[in-house]
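Structure record follows, encoded as structure tokens.
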Amino acid sequence: MYYPEEIIEEVREKNDIVDVISGYVKLQKKGSNYFGLCPFHNEKSPSFSVSPQKQMYYCFGCGAGGNAITFVMEYESFTFPEALKYLADRAGVKLPEVEYSREERVQADKRSVLLEINKLAANYFYYQLHQPQGRNGYEYFKKRRLTEDTIRRFGLGYSNKTSSDLYQYLKSKGYQDPILKESGLVTMEERGTYDKFWNRVMFPIMDAGSRVVGFGGRVLGDGEPKYLNSPETLVFDKSRNLYGLNYARTSREKCLLVCEGYMDVIAMHQAGFTNAVASLGTALTERHAVLLKRYTDQVVLTYDSDGAGIKAALRAIPILKEVGISTRVLDLKPYKDPDEFIKNRGTDAFRERMEKARNSFLFEIDVLKQNYQMEDPEQKTRFIQAAARKLLEFDEAMERDNYIQAVAREYMLPYEDLRRLVNRLGNMPGTVKSVPDRQQGTRGREAGKKKEKDDGNRRAQRLLLTWLIERPGLFEKIENIVGPKDFVEPLYGQAAKMVFEGYEKGKLNPAEILNHFINDEEQYKEVAKLFHAQLEESLNNEEQKKAFSEIVYRVKKNSLDHASRNAADLDELQHIIREQASLKKLSITID
């Protein structure tokens, strides 16, 4: 569904961002802004800022940012129309009501239609499970000891053996072939149209807001593949969703349990471990880790105890560490998976294992040890050297020493000998602790300098836009010096054009500008960052004046350098060279 820009802006203006966010986050005023703990990642010190002037929020810890509409979208996992309606109702704004034909409805809001189709399909599969034709599926779940309440809670279902039942059902509801194809629920080929899933028990996949975004299906019998997931669609991205998160995110447990499959999650929830989630038929990704970080800073990996499960754990550990999640690994032996463990040993034994879960680094050392025959002195020496090299992964000296002590204690090694070995290896060229320049050579140093320069230029553009928004009087200071075209990053230039136009019209509104980027998550986050750049707070007035002059100079110089590299002819190049010469005489001040 599409709304005129003036309606969107009316809704946003009538929802003061401090009032909206105060309903979710405890805010405390500091200076002209409000601060609180970020709701999108775990933190102990408030870095989440809400600006009444800009009508925007920004987290200096995780980079989340936007206006009142994007906050509700992000926090509640709402679509844009859903967030707009929520805020409109809150402010008493009546949204225009439009009658749509079925065809117009599909075109009006494809995302909402896909969610409607998924919801209908989930209900259809659930209904089929409880019909005579779904008996095999129902018996499968019963053999897995699932209760009727669990089946209902997770919306489990069954897809019939016939090849186009769901397709015909959705057609009868008025949905046309193009949108059904985009749903990923049907396959259309020259030889005909048939359901993506058939003769499978069905697992609806829900996002954090409990909306059905896709499906997983397990074949009954010997068919292949054993598990089949929906293809990626407008509403389903495997790397951005975790099965069971819609329930686990409200768990009061201090950690999240990360499993391999649907049945593990369901069995654990049924046993009372409502903090269990699983990646969707794929290895844990960086996006999964970022998603987990929103809700916890502690994860216990409960992967299968076989070789594949061990490999999955080894792959997940550094990904989780990168986003700041403390990770432990559950020992399920002699059982294969959490479901099997709980059925055989019960919930108390599982919780006991959970509390004794292995530190992830020591788990990695345990796996490393399996590659060596510890009875052989030469092999044992190699293991100790390999463990010492791995200990070099810790940059902070105290943390590294704590782990040296732990490894020495676990494997009965002399602490001082292990510490000396770690230090000696750390000082050798070619190790993890070697200076990057030594590894990369001249080309690496040049690339590093170029990246640093590029980052500096982008930061200067961000700082200048932030200052112009916060202090519109500065526009007069840069008149005829810097304009929108000088922001050479394409997205920065697009946002700068709107900032300058807003100033010229006498209505500079950063929160309204952000509305133009709301349909692209990466872009709106980057634009939000543009309007919240910071210099060191300790700068005094004179230092700020100097910094402003240097930033304007850098933005203009970068623009001219970019123009010279792309000059169309000699005349244009000579004109740019004259401007570059004039730039050296530039004198500008905040006063």
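Just so we're on the same page: first chain in the structure tokens is A, next is B, and so on; residues restart at 1 for each chain, and ligands are numbered from 1 in the order they show up.
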Within 10 Å of Gly223 of chain A using only C-alpha atoms, minus same-chain residues under 4 positions, as a PyMOL selection string: chain A and resi 199-200+218-219+227
Near-Asp304 of chain A list (8 Å; only C-alpha atoms; drop same-chain fewer than 4 positions) as number ranges by chain: A: 259-260, 308-310, 332, 336-338
Store the residues of this selection in a file with N, CA, C and O atoms, as a compact mmCIF listing (two decimals), in the first residue's frame.
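New file part.txt:
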```txt
# COMPACT_ATOMS: atom_id res chain seq x y z
N CYS A 259 20.68 -24.22 17.97
CA CYS A 259 20.63 -25.62 17.54
C CYS A 259 20.82 -25.72 16.03
O CYS A 259 20.95 -24.72 15.34
N GLU A 260 20.76 -26.97 15.56
CA GLU A 260 20.91 -27.20 14.12
C GLU A 260 19.58 -27.21 13.37
O GLU A 260 19.51 -26.75 12.25
N ALA A 308 29.87 -33.42 11.72
CA ALA A 308 29.29 -32.24 11.07
C ALA A 308 28.93 -31.18 12.11
O ALA A 308 29.13 -29.98 11.89
N GLY A 309 28.42 -31.64 13.27
CA GLY A 309 28.07 -30.69 14.32
C GLY A 309 29.29 -30.00 14.90
O GLY A 309 29.26 -28.80 15.21
N ILE A 310 30.39 -30.75 15.03
CA ILE A 310 31.64 -30.17 15.55
C ILE A 310 32.18 -29.13 14.57
O ILE A 310 32.60 -28.04 14.96
N LEU A 332 26.78 -33.14 24.26
CA LEU A 332 25.56 -33.96 24.22
C LEU A 332 25.85 -35.47 24.28
O LEU A 332 24.91 -36.26 24.30
N LYS A 336 23.02 -37.92 20.12
CA LYS A 336 23.35 -37.23 18.87
C LYS A 336 22.92 -35.76 18.90
O LYS A 336 23.66 -34.88 18.46
N ASP A 337 21.71 -35.49 19.42
CA ASP A 337 21.20 -34.13 19.36
C ASP A 337 20.41 -33.81 20.63
O ASP A 337 20.13 -34.71 21.45
N PRO A 338 20.01 -32.55 20.83
CA PRO A 338 19.29 -32.17 22.05
C PRO A 338 17.98 -32.93 22.24
O PRO A 338 17.64 -33.31 23.37
```
Who sits within 6 Å of segment 47-63 of chain A, only C-alpha atoms, same chain under 3 positions skipped, as a count of residues only: 11
Spatial neighbours of segment 393-409 of chain A, 9 Å, only C-alpha atoms, chain gap at least 2 places, as number ranges by chain: A: 361-362, 365, 387-391, 411-416, 418-419, 422, 432-433
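Note that the spacing between atom CA of Met188 of chain A and atom CA of Leu156 of chain A amounts to 25.6 Å.
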Neighbour list for Lys584 of chain A as JSON, numbers by chain, cut-off 10 Å, only C-alpha atoms, skip fewer than 3 positions in-chain: {"A": [553, 557, 579, 580, 581, 587]}
Could you write out the selected residues, including C-alpha atoms, as a short mmCIF file (atom, residue, chain, number, x, y, z; two decimals), in the first residue's frame?
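New file selection23.cif:
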```cif
data_model
loop_
_atom_site.label_atom_id
_atom_site.label_comp_id
_atom_site.auth_asym_id
_atom_site.auth_seq_id
_atom_site.Cartn_x
_atom_site.Cartn_y
_atom_site.Cartn_z
CA TYR A 553 38.82 22.11 3.07
CA LYS A 557 39.74 19.06 -1.96
CA GLU A 579 40.24 25.82 -8.37
CA GLN A 580 42.73 23.58 -6.58
CA ALA A 581 45.23 26.44 -6.48
CA SER A 587 40.09 30.93 4.87
#
```
Distance of atom CA of Trp467 of chain A from atom CA of Phe487 of chain A, expressed in Å to one decimal place: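 About the pair atom CA of Phe487 of chain A and atom CA of Trp467 of chain A: they are 14.3 Å apart.
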Pairwise distance for atom CA of Leu87 of chain A and atom CA of Met73 of chain A, rounded to one decimal in Å: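 Between atom CA of Leu87 of chain A and atom CA of Met73 of chain A the gap is 10.5 Å.
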